[in-house]
$ cat my_file.pdb   # PDB, C-alpha atoms
ATOM      1  CA  LYS A 191       0.000   0.000   0.000
ATOM      2  CA  TYR A 192       2.833   2.365   0.895
ATOM      3  CA  LYS A 193       4.510   1.788  -2.485
ATOM      4  CA  THR A 194       1.210   2.253  -4.317
ATOM      5  CA  MET A 195       0.515   5.513  -2.462
ATOM      6  CA  LYS A 196       4.046   6.731  -3.152
ATOM      7  CA  THR A 197       3.637   5.934  -6.852
ATOM      8  CA  LEU A 198       0.345   7.842  -7.009
ATOM      9  CA  ILE A 199       1.913  10.836  -5.263
ATOM     10  CA  ASN A 200       4.816  10.815  -7.723
ATOM     11  CA  ILE A 201       2.436  10.667 -10.695
ATOM     12  CA  LEU A 202       0.397  13.536  -9.246
ATOM     13  CA  PHE A 203       3.543  15.582  -8.620
ATOM     14  CA  ILE A 204       4.820  15.026 -12.160
ATOM     15  CA  SER A 205       1.408  15.959 -13.588
ATOM     16  CA  MET A 206       1.376  19.185 -11.566
ATOM     17  CA  ILE A 207       4.869  20.078 -12.793
ATOM     18  CA  ALA A 208       3.863  19.370 -16.389
ATOM     19  CA  TYR A 209       0.743  21.502 -15.994
ATOM     20  CA  ALA A 210       2.713  24.351 -14.434
ATOM     21  CA  THR A 211       5.297  24.211 -17.201
ATOM     22  CA  THR A 212       2.606  24.283 -19.882
ATOM     23  CA  TYR A 213       0.793  27.137 -18.171
ATOM     24  CA  ALA A 214       4.026  29.121 -17.890
ATOM     25  CA  GLN A 215       4.441  28.913 -21.648
ATOM     26  CA  GLN A 216       0.998  30.422 -22.218
ATOM     27  CA  ALA A 217       0.838  34.211 -22.348
ATOM     28  CA  ASN A 218      -2.265  36.390 -22.456
ATOM     29  CA  TRP A 219      -2.417  39.084 -25.117
ATOM     30  CA  ASP A 220      -4.767  41.904 -26.063
ATOM     31  CA  PHE A 221      -5.508  43.818 -29.257
ATOM     32  CA  ASP A 222      -3.838  47.171 -29.822
ATOM     33  CA  LYS A 223      -6.882  48.563 -31.610
ATOM     34  CA  SER A 224      -5.095  51.727 -32.720
ATOM     35  CA  HIS A 225      -2.913  49.503 -34.909
ATOM     36  CA  SER A 226      -5.398  46.769 -35.834
ATOM     37  CA  LYS A 227      -8.233  46.470 -38.343
ATOM     38  CA  ILE A 228     -10.983  43.955 -39.180
ATOM     39  CA  GLN A 229     -11.831  44.557 -42.824
ATOM     40  CA  PHE A 230     -13.888  42.921 -45.580
ATOM     41  CA  ASP A 231     -14.456  43.308 -49.332
ATOM     42  CA  VAL A 232     -17.498  42.327 -51.380
ATOM     43  CA  ALA A 233     -18.151  42.703 -55.113
ATOM     44  CA  HIS A 234     -20.530  45.440 -56.304
ATOM     45  CA  MET A 235     -22.177  45.197 -59.736
ATOM     46  CA  VAL A 236     -19.437  42.744 -60.756
ATOM     47  CA  ILE A 237     -17.061  45.567 -61.745
ATOM     48  CA  SER A 238     -15.910  46.889 -58.363
ATOM     49  CA  GLU A 239     -15.702  46.143 -54.654
ATOM     50  CA  VAL A 240     -17.076  47.744 -51.512
ATOM     51  CA  THR A 241     -14.710  47.754 -48.553
ATOM     52  CA  GLY A 242     -15.894  47.889 -44.953
ATOM     53  CA  GLN A 243     -14.667  47.331 -41.444
ATOM     54  CA  PHE A 244     -15.870  46.685 -37.902
ATOM     55  CA  HIS A 245     -14.682  49.151 -35.291
ATOM     56  CA  ASP A 246     -15.775  47.451 -32.051
ATOM     57  CA  TYR A 247     -14.491  44.033 -31.035
ATOM     58  CA  GLU A 248     -12.856  42.201 -28.163
ATOM     59  CA  GLY A 249     -11.246  38.853 -27.725
ATOM     60  CA  LYS A 250      -9.220  36.373 -25.753
ATOM     61  CA  ILE A 251      -5.759  35.531 -27.027
ATOM     62  CA  GLU A 252      -3.614  32.852 -25.372
ATOM     63  CA  ILE A 253      -0.364  32.240 -27.226
ATOM     64  CA  ASP A 254       2.117  29.491 -26.495
ATOM     65  CA  LYS A 255       5.455  31.216 -26.960
ATOM     66  CA  ASN A 256       7.184  27.957 -27.927
ATOM     67  CA  ASP A 257       4.510  26.545 -30.214
ATOM     68  CA  PHE A 258       1.872  28.722 -31.879
ATOM     69  CA  THR A 259      -0.147  25.640 -32.787
ATOM     70  CA  LYS A 260      -1.068  25.233 -29.098
ATOM     71  CA  SER A 261      -2.540  28.728 -28.869
ATOM     72  CA  ASN A 262      -6.210  29.642 -28.315
ATOM     73  CA  ILE A 263      -7.987  32.577 -29.924
ATOM     74  CA  SER A 264     -11.533  33.891 -29.711
ATOM     75  CA  ILE A 265     -13.024  37.156 -30.900
ATOM     76  CA  THR A 266     -16.419  38.834 -30.589
ATOM     77  CA  ILE A 267     -17.359  41.596 -33.036
ATOM     78  CA  ASP A 268     -20.142  44.110 -32.470
ATOM     79  CA  ALA A 269     -22.116  43.887 -35.725
ATOM     80  CA  LYS A 270     -23.529  47.391 -35.195
ATOM     81  CA  SER A 271     -20.039  48.816 -35.595
ATOM     82  CA  ILE A 272     -19.962  48.051 -39.330
ATOM     83  CA  ASP A 273     -18.653  50.947 -41.404
ATOM     84  CA  THR A 274     -18.505  51.105 -45.218
ATOM     85  CA  ASP A 275     -18.103  54.876 -45.293
ATOM     86  CA  HIS A 276     -21.724  55.329 -46.419
ATOM     87  CA  GLU A 277     -24.330  56.013 -43.734
ATOM     88  CA  LYS A 278     -27.390  54.876 -45.706
ATOM     89  CA  ARG A 279     -25.729  51.641 -46.814
ATOM     90  CA  ASP A 280     -24.536  50.936 -43.270
ATOM     91  CA  GLY A 281     -28.096  51.359 -42.026
ATOM     92  CA  HIS A 282     -29.304  48.815 -44.574
ATOM     93  CA  LEU A 283     -26.517  46.380 -43.593
ATOM     94  CA  ARG A 284     -27.634  46.574 -39.954
ATOM     95  CA  ALA A 285     -31.253  45.822 -40.955
ATOM     96  CA  PRO A 286     -32.933  42.360 -41.290
ATOM     97  CA  ASP A 287     -31.924  42.080 -44.985
ATOM     98  CA  PHE A 288     -28.358  41.557 -43.818
ATOM     99  CA  PHE A 289     -26.893  41.424 -40.296
ATOM    100  CA  ASP A 290     -30.147  42.079 -38.415
ATOM    101  CA  VAL A 291     -28.127  43.492 -35.525
ATOM    102  CA  GLU A 292     -31.079  43.816 -33.149
ATOM    103  CA  LYS A 293     -31.609  40.063 -33.279
ATOM    104  CA  TYR A 294     -27.992  39.001 -33.851
ATOM    105  CA  PRO A 295     -25.761  41.643 -32.246
ATOM    106  CA  ASN A 296     -22.483  39.703 -32.363
ATOM    107  CA  ILE A 297     -20.222  37.961 -34.849
ATOM    108  CA  THR A 298     -17.867  35.466 -33.212
ATOM    109  CA  PHE A 299     -14.900  33.263 -34.036
ATOM    110  CA  ILE A 300     -13.552  30.549 -31.712
ATOM    111  CA  SER A 301     -10.395  28.708 -32.718
ATOM    112  CA  LYS A 302     -10.351  24.909 -32.797
ATOM    113  CA  SER A 303      -6.920  24.179 -34.256
ATOM    114  CA  ILE A 304      -3.823  25.878 -35.631
ATOM    115  CA  GLU A 305      -1.605  24.122 -38.173
ATOM    116  CA  LYS A 306       1.833  25.302 -39.201
ATOM    117  CA  ILE A 307       2.129  25.368 -43.000
ATOM    118  CA  GLU A 308       5.612  26.805 -43.350
ATOM    119  CA  LYS A 309       7.814  29.365 -41.613
ATOM    120  CA  ASN A 310       5.549  32.064 -40.104
ATOM    121  CA  ILE A 311       2.513  30.755 -42.062
ATOM    122  CA  TYR A 312      -0.358  28.986 -40.299
ATOM    123  CA  LYS A 313      -3.865  27.667 -40.986
ATOM    124  CA  LEU A 314      -6.291  28.755 -38.288
ATOM    125  CA  SER A 315      -9.495  26.708 -38.107
ATOM    126  CA  GLY A 316     -12.502  27.425 -35.965
ATOM    127  CA  ASP A 317     -16.210  28.066 -35.582
ATOM    128  CA  PHE A 318     -17.485  31.276 -37.169
ATOM    129  CA  THR A 319     -20.926  32.495 -36.097
ATOM    130  CA  MET A 320     -22.806  35.210 -37.961
ATOM    131  CA  HIS A 321     -26.506  35.991 -38.297
ATOM    132  CA  GLY A 322     -27.248  33.189 -35.837
ATOM    133  CA  ILE A 323     -25.553  30.488 -37.937
ATOM    134  CA  THR A 324     -22.300  28.713 -37.019
ATOM    135  CA  LYS A 325     -19.988  27.081 -39.561
ATOM    136  CA  ALA A 326     -16.397  25.860 -39.530
ATOM    137  CA  ILE A 327     -13.986  28.020 -41.519
ATOM    138  CA  ASP A 328     -10.253  28.127 -42.256
ATOM    139  CA  LEU A 329      -8.184  31.295 -42.167
ATOM    140  CA  ASN A 330      -4.661  31.928 -43.418
ATOM    141  CA  VAL A 331      -2.404  33.550 -40.830
ATOM    142  CA  LYS A 332       0.981  35.154 -41.324
ATOM    143  CA  HIS A 333       3.085  35.976 -38.270
ATOM    144  CA  ILE A 334       4.762  39.240 -39.260
ATOM    145  CA  GLY A 335       7.035  39.335 -36.242
ATOM    146  CA  THR A 336       7.417  39.835 -32.489
ATOM    147  CA  ILE A 337       9.338  42.707 -30.882
ATOM    148  CA  LYS A 338       9.899  44.670 -27.697
ATOM    149  CA  ASP A 339       8.545  48.215 -27.973
ATOM    150  CA  PRO A 340      10.417  51.251 -26.549
ATOM    151  CA  TYR A 341       8.511  50.852 -23.262
ATOM    152  CA  GLY A 342       9.513  47.231 -22.749
ATOM    153  CA  ASN A 343       6.218  45.659 -23.842
ATOM    154  CA  THR A 344       6.159  42.606 -26.101
ATOM    155  CA  ARG A 345       4.211  43.113 -29.326
ATOM    156  CA  ALA A 346       3.372  40.783 -32.194
ATOM    157  CA  GLY A 347       1.873  41.392 -35.630
ATOM    158  CA  PHE A 348      -0.348  39.079 -37.660
ATOM    159  CA  LYS A 349      -2.153  39.237 -40.998
ATOM    160  CA  VAL A 350      -5.285  37.076 -41.252
ATOM    161  CA  GLU A 351      -7.045  36.339 -44.549
ATOM    162  CA  GLY A 352      -9.963  34.198 -45.628
ATOM    163  CA  SER A 353     -13.365  34.213 -47.271
ATOM    164  CA  ILE A 354     -16.943  33.179 -46.606
ATOM    165  CA  ASN A 355     -20.138  32.976 -48.641
ATOM    166  CA  ARG A 356     -22.680  35.239 -46.968
ATOM    167  CA  THR A 357     -25.613  33.151 -48.225
ATOM    168  CA  ASP A 358     -24.339  30.273 -46.058
ATOM    169  CA  TYR A 359     -25.284  32.503 -43.114
ATOM    170  CA  GLY A 360     -28.770  33.366 -44.333
ATOM    171  CA  MET A 361     -27.825  36.700 -45.942
ATOM    172  CA  LYS A 362     -29.477  36.123 -49.319
ATOM    173  CA  TYR A 363     -30.655  39.636 -50.153
ATOM    174  CA  ASN A 364     -29.728  40.458 -53.763
ATOM    175  CA  SER A 365     -30.972  41.338 -57.229
ATOM    176  CA  ILE A 366     -29.927  40.437 -60.773
ATOM    177  CA  MET A 367     -28.889  43.239 -63.129
ATOM    178  CA  GLU A 368     -30.217  43.585 -66.690
ATOM    179  CA  ALA A 369     -26.901  42.469 -68.152
ATOM    180  CA  GLY A 370     -26.826  39.513 -65.784
ATOM    181  CA  GLY A 371     -24.707  39.106 -62.727
ATOM    182  CA  LEU A 372     -25.520  39.872 -59.119
ATOM    183  CA  LEU A 373     -25.819  43.375 -57.754
ATOM    184  CA  ILE A 374     -23.986  42.304 -54.592
ATOM    185  CA  GLY A 375     -21.375  39.570 -54.487
ATOM    186  CA  GLU A 376     -21.995  36.484 -52.376
ATOM    187  CA  ASP A 377     -18.355  35.796 -51.545
ATOM    188  CA  VAL A 378     -16.907  38.067 -48.873
ATOM    189  CA  SER A 379     -13.152  38.435 -48.507
ATOM    190  CA  ILE A 380     -11.823  38.866 -44.968
ATOM    191  CA  LEU A 381      -8.611  40.747 -44.252
ATOM    192  CA  CYS A 382      -7.476  41.490 -40.717
ATOM    193  CA  ASN A 383      -4.299  43.134 -39.535
ATOM    194  CA  PHE A 384      -3.703  42.640 -35.830
ATOM    195  CA  GLU A 385      -1.079  44.119 -33.585
ATOM    196  CA  ILE A 386      -1.321  42.499 -30.186
ATOM    197  CA  ILE A 387       0.400  43.281 -26.915
ATOM    198  CA  GLN A 388       1.286  40.879 -24.130
ATOM    199  CA  LYS A 389      -0.803  41.603 -21.032
ATOM    200  CA  ASP A 390       1.465  39.802 -18.584
ATOM    201  CA  ASN A 391       3.966  42.277 -17.121
ATOM    202  CA  LEU A 392       2.445  45.086 -19.201
ATOM    203  CA  VAL A 393       4.456  48.308 -18.907
ATOM    204  CA  LYS A 394       2.209  51.362 -18.848
ATOM    205  CA  ASN A 395       3.335  54.502 -20.652
TER     206      ASN A 395
END

$ encode --input "my_file.pdb" --output "structure tokens"
Amino acid sequence: KYKTMKTLINILFISMIAYATTYAQQANWDFDKSHSKIQFDVAHMVISEVTGQFHDYEGKIEIDKNDFTKSNISITIDAKSIDTDHEKRDGHLRAPDFFDVEKYPNITFISKSIEKIEKNIYKLSGDFTMHGITKAIDLNVKHIGTIKDPYGNTRAGFKVEGSINRTDYGMKYNSIMEAGGLLIGEDVSILCNFEIIQKDNLVKN
């Protein structure tokens, strides 16, 4: 019994050390919104594109400094904060024809896996929820770099790209032009530039 108890204690001790080591490698980060942007493009009348962005968002970023593939990322976007630089169009996008922000106020992404493709290039997979519908999507991520700023804070930069079909999320509003082709494109390109700052040991300036 003594040997069995000793073995169990040793296993528990080793597990605690392993957990502590793993936890120590995880760092919490936050968005530097003054140097970040969540942007999208969608075709207009086939011949051009409308560009927009979301101003209000928050998220949880846990990055394993030794292995990015073990990191966890989630983000919540306030759909009302959409901005295409056209007030009337933005009002229509917030209405039931599109985002229906009164009923579905948030757009969310929760990571499920991160796969390293090549140096500084990753595939980020997760659940994307918009307009009350959740689907799995893949995003391409480029790690631009990690530095210490003049105040001693650790910063990292990432570019995130991908695309979705808005009709998959119940946004089917459209019309067909006389010459054929859709007034509004169905495929939406996503382009995000994120500068994040490590929250642990944050140096205020």

$ residues_around --input "my_file.pdb" --residues "range 340-354 of chain A" --least-positions-apart "6" --cutoff "8 Å" --atoms "all atoms listed in the file" --output "ChimeraX atom specification"
/A:327-334,377-388,391-395

$ closest_residue --input "my_file.pdb" --among "A:Leu283, A:Ile297, A:Ile374, A:Val291" --to "Ile228 in chain A" --atoms "only C-alpha atoms"
A:Ile297

$ residues_near_point --input "my_file.pdb" --point "(-12.4, 34.9, -27.0)" --cutoff "12 Å" --atoms "all atoms listed in the file" --output "number ranges by chain"
A: 218-221, 247-252, 261-267, 297-302, 316-318

$ atom_distance --input "my_file.pdb" --atom1 "CA of Arg284 in chain A" --atom2 "CA of Lys270 in chain A"
6.3 Å

$ atom_distance --input "my_file.pdb" --atom1 "CA of His321 in chain A" --atom2 "CA of Asp222 in chain A"
26.7 Å

$ residues_around --input "my_file.pdb" --residues "Thr274 in chain A" --least-positions-apart "3" --cutoff "9 Å" --atoms "all atoms listed in the file" --output "list in words"
Val240, Thr241, Gly242, Gln243, Phe244, Glu277, Arg279 and Asp280 of chain A

$ atom_distance --input "my_file.pdb" --atom1 "CA of Tyr294 in chain A" --atom2 "CA of Tyr359 in chain A"
11.6 Å

$ residues_around --input "my_file.pdb" --residues "Lys293 in chain A" --least-positions-apart "5" --cutoff "10 Å" --atoms "only C-alpha atoms" --output "PDB file with C-alpha atoms, keeping the file's coordinate frame"
ATOM      1  CA  ALA A 285     -31.253  45.822 -40.955  1.00  0.00           C
ATOM      2  CA  PRO A 286     -32.933  42.360 -41.290  1.00  0.00           C
ATOM      3  CA  HIS A 321     -26.506  35.991 -38.297  1.00  0.00           C
ATOM      4  CA  GLY A 322     -27.248  33.189 -35.837  1.00  0.00           C
TER       5      GLY A 322
END

$ decode --input "my_file.pdb" --residues "range 277-295 of chain A" --atoms "N, CA and C atoms" --output "compact mmCIF listing (two decimals), in the first residue's frame"
# COMPACT_ATOMS: atom_id res chain seq x y z
N GLU A 277 -23.38 56.14 -44.84
CA GLU A 277 -24.33 56.01 -43.73
C GLU A 277 -25.59 55.24 -44.12
N LYS A 278 -26.16 55.54 -45.29
CA LYS A 278 -27.39 54.88 -45.71
C LYS A 278 -27.15 53.38 -45.93
N ARG A 279 -26.05 53.05 -46.58
CA ARG A 279 -25.73 51.64 -46.81
C ARG A 279 -25.48 50.91 -45.49
N ASP A 280 -24.79 51.56 -44.57
CA ASP A 280 -24.54 50.94 -43.27
C ASP A 280 -25.84 50.66 -42.52
N GLY A 281 -26.79 51.57 -42.65
CA GLY A 281 -28.10 51.36 -42.03
C GLY A 281 -28.80 50.14 -42.60
N HIS A 282 -28.69 49.97 -43.92
CA HIS A 282 -29.30 48.81 -44.57
C HIS A 282 -28.60 47.52 -44.14
N LEU A 283 -27.27 47.57 -44.01
CA LEU A 283 -26.52 46.38 -43.59
C LEU A 283 -26.87 45.95 -42.17
N ARG A 284 -27.25 46.91 -41.33
CA ARG A 284 -27.63 46.57 -39.95
C ARG A 284 -29.06 46.02 -39.87
N ALA A 285 -29.83 46.19 -40.93
CA ALA A 285 -31.25 45.82 -40.95
C ALA A 285 -31.42 44.32 -41.21
N PRO A 286 -32.68 43.80 -41.11
CA PRO A 286 -32.93 42.36 -41.29
C PRO A 286 -32.50 41.78 -42.63
N ASP A 287 -32.38 42.61 -43.70
CA ASP A 287 -31.92 42.08 -44.99
C ASP A 287 -30.52 41.50 -44.89
N PHE A 288 -29.75 42.01 -43.94
CA PHE A 288 -28.36 41.56 -43.82
C PHE A 288 -28.06 41.09 -42.39
N PHE A 289 -27.36 41.89 -41.60
CA PHE A 289 -26.89 41.42 -40.30
C PHE A 289 -28.00 41.34 -39.24
N ASP A 290 -29.05 42.10 -39.39
CA ASP A 290 -30.15 42.08 -38.41
C ASP A 290 -29.59 42.21 -36.99
N VAL A 291 -28.91 43.33 -36.75
CA VAL A 291 -28.13 43.49 -35.52
C VAL A 291 -28.96 43.50 -34.25
N GLU A 292 -30.24 43.84 -34.35
CA GLU A 292 -31.08 43.82 -33.15
C GLU A 292 -31.30 42.38 -32.68
N LYS A 293 -31.40 41.47 -33.62
CA LYS A 293 -31.61 40.06 -33.28
C LYS A 293 -30.30 39.31 -33.09
N TYR A 294 -29.29 39.68 -33.90
CA TYR A 294 -27.99 39.00 -33.85
C TYR A 294 -26.88 40.05 -33.68
N PRO A 295 -26.68 40.51 -32.47
CA PRO A 295 -25.76 41.64 -32.25
C PRO A 295 -24.29 41.32 -32.43
